[in-house]
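Participant: Data: entry-v9.csv, CSV, C-alpha atoms.
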chain,number,residue,atom,x,y,z
A,1,MET,CA,75.7,87.0,110.5
A,2,ARG,CA,73.9,86.9,107.2
A,3,ASN,CA,73.1,90.7,107.4
A,4,VAL,CA,76.7,91.5,108.4
A,5,LEU,CA,78.1,89.6,105.4
A,6,LEU,CA,75.6,91.3,103.1
A,7,LEU,CA,76.7,94.8,104.2
A,8,VAL,CA,80.4,94.0,103.7
A,9,PHE,CA,79.7,92.8,100.2
A,10,VAL,CA,77.7,95.9,99.2
A,11,LEU,CA,80.5,98.2,100.5
A,12,ALA,CA,83.0,96.2,98.5
A,13,LEU,CA,81.3,96.6,95.2
A,14,PRO,CA,83.3,98.6,92.6
A,15,GLY,CA,81.9,102.1,92.3
A,16,SER,CA,80.6,102.2,95.8
A,17,PHE,CA,83.0,105.0,97.0
A,18,ARG,CA,81.8,107.4,99.6
A,19,SER,CA,83.1,110.8,98.8
A,20,GLY,CA,83.3,113.6,101.4
A,21,GLN,CA,82.6,111.2,104.3
A,22,ALA,CA,84.8,110.7,107.3
A,23,VAL,CA,84.8,106.9,107.2
A,24,GLY,CA,88.0,106.2,109.0
A,25,THR,CA,90.8,104.0,107.7
A,26,GLN,CA,89.9,102.3,104.4
A,27,VAL,CA,91.3,99.2,102.8
A,28,ILE,CA,91.0,99.5,99.0
A,29,VAL,CA,92.0,96.5,96.9
A,30,LEU,CA,93.0,98.1,93.7
A,31,GLY,CA,94.1,94.9,92.0
A,32,THR,CA,93.3,91.2,92.9
A,33,GLY,CA,95.1,89.5,90.0
A,34,ASN,CA,98.1,87.1,89.7
A,35,PRO,CA,100.6,86.6,86.9
A,36,ASN,CA,98.0,85.2,84.5
A,37,PRO,CA,96.6,88.1,82.3
A,38,ASP,CA,93.0,88.5,83.3
A,39,PRO,CA,91.4,91.6,81.8
A,40,GLU,CA,88.9,91.8,84.7
A,41,ARG,CA,91.6,91.9,87.3
A,42,SER,CA,94.6,94.2,87.6
A,43,GLY,CA,97.8,93.1,89.2
A,44,PRO,CA,98.1,92.9,93.0
A,45,ALA,CA,97.9,96.2,94.8
A,46,VAL,CA,96.3,97.2,98.1
A,47,ALA,CA,95.9,100.7,99.3
A,48,ILE,CA,95.5,101.7,103.0
A,49,VAL,CA,93.9,105.2,103.1
A,50,VAL,CA,94.1,107.2,106.3
A,51,ASN,CA,93.1,110.9,106.8
A,52,GLY,CA,93.5,111.7,103.1
A,53,THR,CA,96.8,109.9,102.7
A,54,SER,CA,97.4,106.6,100.9
A,55,TYR,CA,99.9,103.8,101.5
A,56,LEU,CA,100.3,101.3,98.7
A,57,VAL,CA,101.2,97.6,99.1
A,58,ASP,CA,102.7,96.2,95.8
A,59,ALA,CA,102.4,97.7,92.4
A,60,GLY,CA,100.9,95.2,89.9
A,61,ALA,CA,99.9,95.8,86.3
A,62,GLY,CA,97.3,98.6,85.9
A,63,VAL,CA,97.8,100.0,89.4
A,64,MET,CA,97.7,103.7,88.4
A,65,ARG,CA,94.6,103.2,86.2
A,66,ARG,CA,92.8,101.6,89.1
A,67,ALA,CA,94.0,104.4,91.4
A,68,GLU,CA,92.6,107.0,89.0
A,69,GLN,CA,89.3,105.0,88.9
A,70,ALA,CA,89.2,105.2,92.7
A,71,ARG,CA,89.9,109.0,92.6
A,72,ARG,CA,87.1,109.5,90.2
A,73,GLY,CA,84.9,107.5,92.5
A,74,GLY,CA,85.6,109.8,95.4
A,75,VAL,CA,88.8,108.7,97.0
A,76,ALA,CA,90.9,111.8,96.6
A,77,ALA,CA,93.9,110.2,98.4
A,78,LEU,CA,94.3,107.9,95.4
A,79,ASP,CA,95.0,110.6,92.9
A,80,PRO,CA,98.1,109.2,91.2
A,81,GLY,CA,100.0,112.3,92.0
A,82,LYS,CA,99.4,111.9,95.7
A,83,ILE,CA,100.7,108.3,96.0
A,84,GLY,CA,104.0,108.8,97.8
A,85,VAL,CA,104.7,105.7,99.9
A,86,VAL,CA,104.9,102.1,98.5
A,87,PHE,CA,105.6,98.8,100.3
A,88,LEU,CA,106.7,95.8,98.3
A,89,THR,CA,106.0,92.3,99.6
A,90,HIS,CA,108.6,90.7,97.3
A,91,LEU,CA,110.1,91.2,93.9
A,92,HIS,CA,108.1,88.9,91.7
A,93,SER,CA,107.1,90.7,88.4
A,94,ASP,CA,103.4,90.6,89.0
A,95,HIS,CA,103.8,92.6,92.2
A,96,THR,CA,106.3,95.1,90.8
A,97,ILE,CA,105.6,95.5,87.1
A,98,GLY,CA,103.5,98.6,87.8
A,99,LEU,CA,106.3,100.3,89.7
A,100,PRO,CA,107.5,102.4,86.8
A,101,ASP,CA,103.9,103.5,86.4
A,102,VAL,CA,103.7,104.5,90.0
A,103,ILE,CA,107.0,106.4,89.7
A,104,HIS,CA,106.5,108.2,86.4
A,105,THR,CA,102.7,108.7,86.2
A,106,GLY,CA,102.8,110.0,89.8
A,107,TRP,CA,105.4,112.6,88.6
A,108,ILE,CA,103.4,113.5,85.5
A,109,ARG,CA,100.5,114.1,87.9
A,110,ASP,CA,102.7,116.5,90.0
A,111,ARG,CA,103.9,114.4,92.8
A,112,VAL,CA,106.0,116.6,95.1
A,113,GLY,CA,109.1,114.9,96.5
A,114,ALA,CA,110.6,111.5,96.0
A,115,LEU,CA,108.5,108.3,96.1
A,116,GLN,CA,109.3,106.5,99.3
A,117,LEU,CA,109.8,102.8,98.5
A,118,TYR,CA,110.2,100.0,101.0
A,119,GLY,CA,110.8,96.3,100.3
A,120,PRO,CA,113.1,93.3,100.8
A,121,ALA,CA,116.7,93.1,99.7
A,122,GLY,CA,116.9,94.0,96.1
A,123,THR,CA,114.4,96.9,96.2
A,124,SER,CA,117.1,99.6,96.1
A,125,ALA,CA,118.8,97.9,93.2
A,126,MET,CA,115.5,97.6,91.3
A,127,ALA,CA,114.8,101.3,91.9
A,128,MET,CA,118.2,102.3,90.6
A,129,HIS,CA,117.9,100.2,87.5
A,130,LEU,CA,114.4,101.6,86.8
A,131,THR,CA,115.8,105.1,87.0
A,132,GLU,CA,118.5,104.1,84.5
A,133,ALA,CA,116.0,102.4,82.2
A,134,TYR,CA,113.9,105.6,82.0
A,135,ALA,CA,116.8,107.9,81.7
A,136,ALA,CA,115.8,109.2,78.2
A,137,ASP,CA,112.3,109.9,79.4
A,138,LEU,CA,113.6,111.7,82.5
A,139,GLU,CA,116.0,113.8,80.4
A,140,ASN,CA,113.3,114.8,77.9
A,141,ARG,CA,110.7,115.8,80.5
A,142,ARG,CA,113.2,117.6,82.8
A,143,THR,CA,114.9,119.6,80.1
A,144,GLY,CA,112.1,120.1,77.7
A,145,LEU,CA,109.0,122.2,77.7
A,146,GLN,CA,106.8,120.0,79.8
A,147,PRO,CA,105.9,121.5,83.2
A,148,HIS,CA,107.0,119.3,86.1
A,149,THR,CA,107.8,119.2,89.8
A,150,GLU,CA,111.5,119.2,90.6
A,151,ASP,CA,111.9,115.9,92.5
A,152,GLY,CA,108.7,113.9,91.8
A,153,TRP,CA,110.6,111.6,89.5
A,154,ARG,CA,113.0,110.5,92.2
A,155,VAL,CA,112.8,107.3,94.3
A,156,ASP,CA,114.0,107.0,97.8
A,157,PRO,CA,114.4,103.2,98.3
A,158,HIS,CA,114.8,101.3,101.6
A,159,ASP,CA,115.8,97.6,101.8
A,160,ILE,CA,114.1,96.4,105.0
A,161,THR,CA,113.8,93.4,107.3
A,162,ALA,CA,111.2,92.4,109.8
A,163,GLY,CA,110.1,95.0,112.4
A,164,VAL,CA,108.6,98.5,112.4
A,165,VAL,CA,109.6,100.0,109.1
A,166,TYR,CA,107.6,103.1,108.8
A,167,ARG,CA,105.8,105.5,111.1
A,168,ASP,CA,104.0,108.9,110.8
A,169,SER,CA,101.1,110.7,112.4
A,170,ASN,CA,98.6,108.4,110.6
A,171,ILE,CA,100.1,104.9,110.8
A,172,THR,CA,102.6,102.5,112.0
A,173,VAL,CA,103.8,99.8,109.6
A,174,THR,CA,105.4,96.6,110.7
A,175,ALA,CA,106.9,94.1,108.3
A,176,PHE,CA,107.1,90.3,109.0
A,177,GLU,CA,108.8,87.5,107.0
A,178,THR,CA,106.7,85.0,105.1
A,179,PRO,CA,107.6,81.8,103.3
A,180,HIS,CA,107.4,82.1,99.5
A,181,THR,CA,109.3,79.5,97.4
A,182,ASN,CA,112.8,80.4,96.3
A,183,TRP,CA,112.7,83.9,97.8
A,184,PRO,CA,115.3,84.4,100.6
A,185,ARG,CA,113.0,87.1,102.0
A,186,ALA,CA,109.4,87.9,101.3
A,187,LEU,CA,107.3,90.1,103.5
A,188,GLY,CA,103.8,90.7,104.8
A,189,TYR,CA,102.8,94.0,106.5
A,190,ARG,CA,100.6,95.0,109.4
A,191,PHE,CA,99.2,98.6,109.4
A,192,ASP,CA,98.0,100.1,112.7
A,193,THR,CA,96.0,103.3,112.7
A,194,LYS,CA,94.0,105.0,115.4
A,195,ASP,CA,90.9,103.1,114.5
A,196,ARG,CA,91.9,99.9,112.7
A,197,SER,CA,94.5,97.2,112.3
A,198,ILE,CA,95.1,95.7,108.8
A,199,VAL,CA,97.4,92.8,107.7
A,200,VAL,CA,98.3,92.2,104.1
A,201,SER,CA,99.9,88.7,103.5
A,202,GLY,CA,101.6,89.2,100.2
A,203,ASP,CA,102.4,85.9,98.5
A,204,THR,CA,102.9,83.1,101.1
A,205,ARG,CA,102.1,79.6,102.0
A,206,ALA,CA,100.1,79.2,105.2
A,207,SER,CA,102.3,80.7,107.9
A,208,ASP,CA,102.2,81.2,111.6
A,209,ALA,CA,103.8,84.6,111.0
A,210,VAL,CA,100.5,85.8,109.5
A,211,VAL,CA,98.6,84.4,112.5
A,212,THR,CA,100.9,86.3,114.9
A,213,ALA,CA,100.7,89.5,112.9
A,214,CYS,CA,96.9,89.5,112.7
A,215,ASN,CA,96.0,88.2,116.2
A,216,GLY,CA,92.4,89.5,116.1
A,217,CYS,CA,93.1,92.3,113.5
A,218,ASP,CA,90.3,94.2,111.9
A,219,VAL,CA,91.1,93.1,108.3
A,220,LEU,CA,93.2,90.3,107.0
A,221,VAL,CA,93.9,90.6,103.3
A,222,HIS,CA,95.2,87.2,102.3
A,223,GLU,CA,96.1,85.4,99.0
A,224,VAL,CA,94.4,82.1,98.2
A,225,TYR,CA,94.0,79.3,95.7
A,226,SER,CA,91.2,76.8,95.2
A,227,ALA,CA,92.0,73.6,97.1
A,228,GLU,CA,89.7,71.6,94.8
A,229,LYS,CA,91.1,72.8,91.5
A,230,PHE,CA,94.6,72.5,92.9
A,231,LEU,CA,94.2,68.7,92.5
A,232,GLU,CA,93.7,69.1,88.7
A,233,GLN,CA,97.1,70.9,88.2
A,234,LYS,CA,100.2,69.3,86.8
A,235,PRO,CA,102.5,67.8,89.4
A,236,GLU,CA,105.3,70.3,88.9
A,237,TRP,CA,102.8,73.2,89.4
A,238,ARG,CA,101.3,71.5,92.5
A,239,THR,CA,104.8,71.4,94.0
A,240,TYR,CA,105.4,75.0,93.2
A,241,HIS,CA,102.1,76.3,94.5
A,242,ALA,CA,102.2,74.2,97.7
A,243,GLY,CA,105.4,76.0,98.7
A,244,SER,CA,104.4,79.4,97.5
A,245,HIS,CA,100.7,79.9,98.2
A,246,THR,CA,97.8,79.1,100.5
A,247,SER,CA,94.9,76.9,99.7
A,248,ALA,CA,91.4,77.8,100.8
A,249,THR,CA,91.4,74.9,103.2
A,250,GLN,CA,94.7,76.0,104.7
A,251,LEU,CA,93.5,79.6,104.9
A,252,ALA,CA,90.3,78.6,106.7
A,253,GLU,CA,92.5,76.9,109.4
A,254,LEU,CA,94.8,79.9,109.6
A,255,ALA,CA,91.8,82.3,109.9
A,256,VAL,CA,90.4,80.3,112.9
A,257,ARG,CA,93.7,81.0,114.7
A,258,ALA,CA,94.3,84.5,113.4
A,259,ARG,CA,90.7,85.7,114.3
A,260,PRO,CA,90.3,88.6,111.9
A,261,LYS,CA,87.1,90.6,112.1
A,262,LEU,CA,87.0,90.4,108.3
A,263,LEU,CA,88.9,88.1,106.0
A,264,VAL,CA,89.4,89.4,102.5
A,265,LEU,CA,90.6,87.1,99.7
A,266,TYR,CA,92.9,88.5,97.0
A,267,HIS,CA,95.5,87.3,94.5
A,268,GLN,CA,93.0,84.5,93.9
A,269,LEU,CA,94.1,81.5,91.8
A,270,TYR,CA,90.9,80.1,90.5
A,271,TRP,CA,91.9,77.6,87.8
A,272,GLY,CA,88.2,77.5,86.7
A,273,ALA,CA,86.7,78.0,90.2
A,274,THR,CA,84.5,81.0,91.0
A,275,ASP,CA,84.4,83.4,94.0
A,276,GLU,CA,81.5,81.4,95.3
A,277,ASP,CA,83.5,78.2,95.1
A,278,LEU,CA,86.4,79.8,97.1
A,279,LEU,CA,84.0,81.1,99.7
A,280,ARG,CA,82.4,77.6,100.0
A,281,GLU,CA,85.8,76.0,100.5
A,282,ILE,CA,86.7,78.6,103.1
A,283,ARG,CA,83.4,78.2,105.0
A,284,LYS,CA,83.9,74.5,105.4
A,285,GLY,CA,86.4,75.3,108.1
A,286,TYR,CA,85.8,79.0,109.0
A,287,ALA,CA,82.6,80.6,110.2
A,288,GLY,CA,83.8,84.2,110.3
A,289,ALA,CA,83.1,87.1,108.0
A,290,VAL,CA,84.8,86.6,104.6
A,291,VAL,CA,84.6,88.2,101.2
A,292,SER,CA,86.4,87.4,97.9
A,293,ALA,CA,87.6,90.7,96.6
A,294,LYS,CA,87.2,92.2,93.2
A,295,ASP,CA,89.2,95.2,91.9
A,296,LEU,CA,88.3,98.4,93.6
A,297,GLY,CA,86.6,96.7,96.6
A,298,ILE,CA,86.5,98.9,99.7
A,299,TYR,CA,86.6,97.3,103.2
So, in terms of C-alpha cells, how does the structure I just supplied come out?
Facilitator:
Amino acid sequence: MRNVLLLVFVLALPGSFRSGQAVGTQVIVLGTGNPNPDPERSGPAVAIVVNGTSYLVDAGAGVMRRAEQARRGGVAALDPGKIGVVFLTHLHSDHTIGLPDVIHTGWIRDRVGALQLYGPAGTSAMAMHLTEAYAADLENRRTGLQPHTEDGWRVDPHDITAGVVYRDSNITVTAFETPHTNWPRALGYRFDTKDRSIVVSGDTRASDAVVTACNGCDVLVHEVYSAEKFLEQKPEWRTYHAGSHTSATQLAELAVRARPKLLVLYHQLYWGATDEDLLREIRKGYAGAVVSAKDLGIY
C-alpha cells in the first residue's frame, strides 16, 4: 500500500502533466480552495477530462487561470476556449464567482457555441443576470473591431434535479442531492466513462447520498474540514460547519462505506492544520488510498 500511495502522490503534483499520452479519463482538481482568500489555492473547480473533452464542476475564483496552466502543462482539453460544459453543485459565491470568467474568457479564446451550464434551481436566473451585467462588454466586443465567434458568449442554462442530467459519447453524468445548510437544493455528481467512475461531493455534510453514488467508485473527490481544529472555532461557526461540511472523522467513516479506490480531499478547511494533519485524522478510521489535493493535482 505504501508504494501505491506514493505513486498517486507523484502523479498529483502540479506540473506533472503527461502530454500526448492516452491516459484514459483524468480527474484534474483545478482549485481546492474555500471562501477564505488563500493565494496558494484557487476556488473550487474540478475537471473531468475524457477523450480530449473537459467537463467542469464548479467555477471558483481563478478557474480559467488554472485551466490555462493545465493547458500549458499538456492538457489540451483545458484550453479555456474548449471548456463548454459546466456543472454547478450549488450557488454559493466561492463555487460560482469564476463563472463570468468561464463565460467570457472562453469566448475571447474562441469558444464555438453556447456554454452548456447545469445546476440547481437558480442557475438559469444567475446566467441571465450575468449576461445582463456584462451587456456593455458584449456590445463592445460584438460590434467593435475585435474578432470573435458568433455564439461563444451565450449561455444555455439548465435548472436540474437528481437523476441523469447529461449524456454524450464520452460520459454519463448523474446528479444527486446533498445536505448543505440553508440551501433548498445542493448537488453532487457522478461521472461514468468507459474506464472510470468519479464522484464529486460538492459542499455537504456527511451524507448517505454520497455513499450510494460512489459505491466502489474509482475516485471520490470530497470536501473536508479538520475535526481537531473544528473544536477551536467559535460556537456559531461550529453550528454552521456541522450542518454544511464534513469532518475528517466523518469522512473516514463515510469512505469505509463508500469504498472508493481513491479518496481525494478538496475544499479543505484547515484552520491551521496541514495536509498531513488531515490525512492523519482520516487514517485513524480509514485504511484506503487517500490524498489531500493541491491545485492542478491529477488523479
Participant: Contacts of segment 50-63 of chain A at 9 Å or less, counting all atoms listed in the file, minus same-chain residues fewer than 3 places along, as a PyMOL selection string?
Facilitator: chain A and resi 22+24-26+30-31+33-34+41-47+66-68+75-78+82-90+93-102+170-171+189+193+200+202
Participant: Using Å and a single decimal, report how far atom CA of Asp208 of chain A sits from atom CA of Ala252 of chain A.
Facilitator: 13.1 Å
Participant: Which residues come within 8 Å of Pro179 of chain A, counting all atoms listed in the file, excluding same-chain residues fewer than 4 positions away, as a PyMOL selection string?
Facilitator: chain A and resi 183+185-186+204-205+207+243-244
Participant: One decimal, in Å: what's the spacing between atom CA of Arg109 of chain A and atom CA of Arg71 of chain A?
Facilitator: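 If I compute the distance from atom CA of Arg109 of chain A to atom CA of Arg71 of chain A, I get 12.7 Å.
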Participant: When you count all atoms listed in the file, which of these residues is closest to Gly106 of chain A: A:Arg72, A:Arg65, A:Arg190, A:Arg142?
Facilitator: A:Arg65
Participant: Counting only C-alpha atoms, what are the residues of segment 136-248 of chain A within 12 Å of segment 283-289 of chain A, and for each of them which pair of atoms is the nearest and at what distance in Å, to one decimal? Sort the table by chain and rising number, as a Markdown table.
Facilitator:
| residue | atom | partner | partner_atom | distance |
| --- | --- | --- | --- | --- |
| A:Gly216 | CA | A:Gly288 | CA | 11.6 |
| A:Asp218 | CA | A:Ala289 | CA | 10.8 |
| A:Val219 | CA | A:Ala289 | CA | 10.0 |
| A:Leu220 | CA | A:Ala289 | CA | 10.6 |
| A:Ala227 | CA | A:Lys284 | CA | 11.6 |
| A:Ala248 | CA | A:Arg283 | CA | 9.0 |
Participant: Point out the residue among A:Ala114, A:Ala125, A:Ala213, A:Leu138 with the least atom-to-atom distance to Ala162 of chain A, counting only C-alpha atoms.
Facilitator: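 Closest to Ala162 of chain A of all the choices is A:Ala213.
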Participant: If the box runs along x, y and z of the file and leaves 8 Å on each side of segment 94-113 of chain A, what are its centre and edge lengths in Å, one decimal, as JSON?
Facilitator:
{"center_x": 104.8, "center_y": 103.6, "center_z": 91.0, "size_x": 24.6, "size_y": 42.0, "size_z": 27.0}
Participant: For Gly152 of chain A, which residue out of A:Tyr134, A:Gly113, A:Phe176, A:Asn182 is the nearest one, using all atoms listed in the file?
Facilitator: A:Gly113
Participant: From the options A:Asp192, A:Ser292, A:Trp237, A:Ala255, which residue's atoms come nearest to Trp271 of chain A, counting all atoms listed in the file?
Facilitator: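 Of A:Asp192, A:Ser292, A:Trp237, A:Ala255, the one nearest Trp271 of chain A, counting all atoms listed in the file, is A:Trp237.
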Participant: Would you mind reading off the distance between atom CA of Gly73 of chain A and atom CA of Ile48 of chain A, one decimal, in Å?
Facilitator: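 These two atoms are separated by 16.0 Å.
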Participant: Counting only C-alpha atoms, which residue out of A:Asp151, A:His104, A:His267, A:Glu236 sits closest to Asp38 of chain A?
Facilitator: A:His267
Participant: Give the answer as one residue: which of A:Glu177, A:Asp275, A:Glu223, A:Asp159 has the shortest atom-to-atom distance to Leu117 of chain A, using only C-alpha atoms?
Facilitator: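 Smallest separation from Leu117 of chain A among the options: A:Asp159.
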Participant: Please tell me which residues are no farther than 7 Å from (114.0, 98.8, 101.9) in the file, counting only C-alpha atoms, and write them as a PDB file with C-alpha atoms, keeping the file's coordinate frame.
Facilitator:
ATOM      1  CA  LEU A 117     109.800 102.800  98.500  1.00  0.00           C
ATOM      2  CA  TYR A 118     110.200 100.000 101.000  1.00  0.00           C
ATOM      3  CA  GLY A 119     110.800  96.300 100.300  1.00  0.00           C
ATOM      4  CA  PRO A 120     113.100  93.300 100.800  1.00  0.00           C
ATOM      5  CA  ALA A 121     116.700  93.100  99.700  1.00  0.00           C
ATOM      6  CA  THR A 123     114.400  96.900  96.200  1.00  0.00           C
ATOM      7  CA  SER A 124     117.100  99.600  96.100  1.00  0.00           C
ATOM      8  CA  PRO A 157     114.400 103.200  98.300  1.00  0.00           C
ATOM      9  CA  HIS A 158     114.800 101.300 101.600  1.00  0.00           C
ATOM     10  CA  ASP A 159     115.800  97.600 101.800  1.00  0.00           C
ATOM     11  CA  ILE A 160     114.100  96.400 105.000  1.00  0.00           C
TER      12      ILE A 160
END
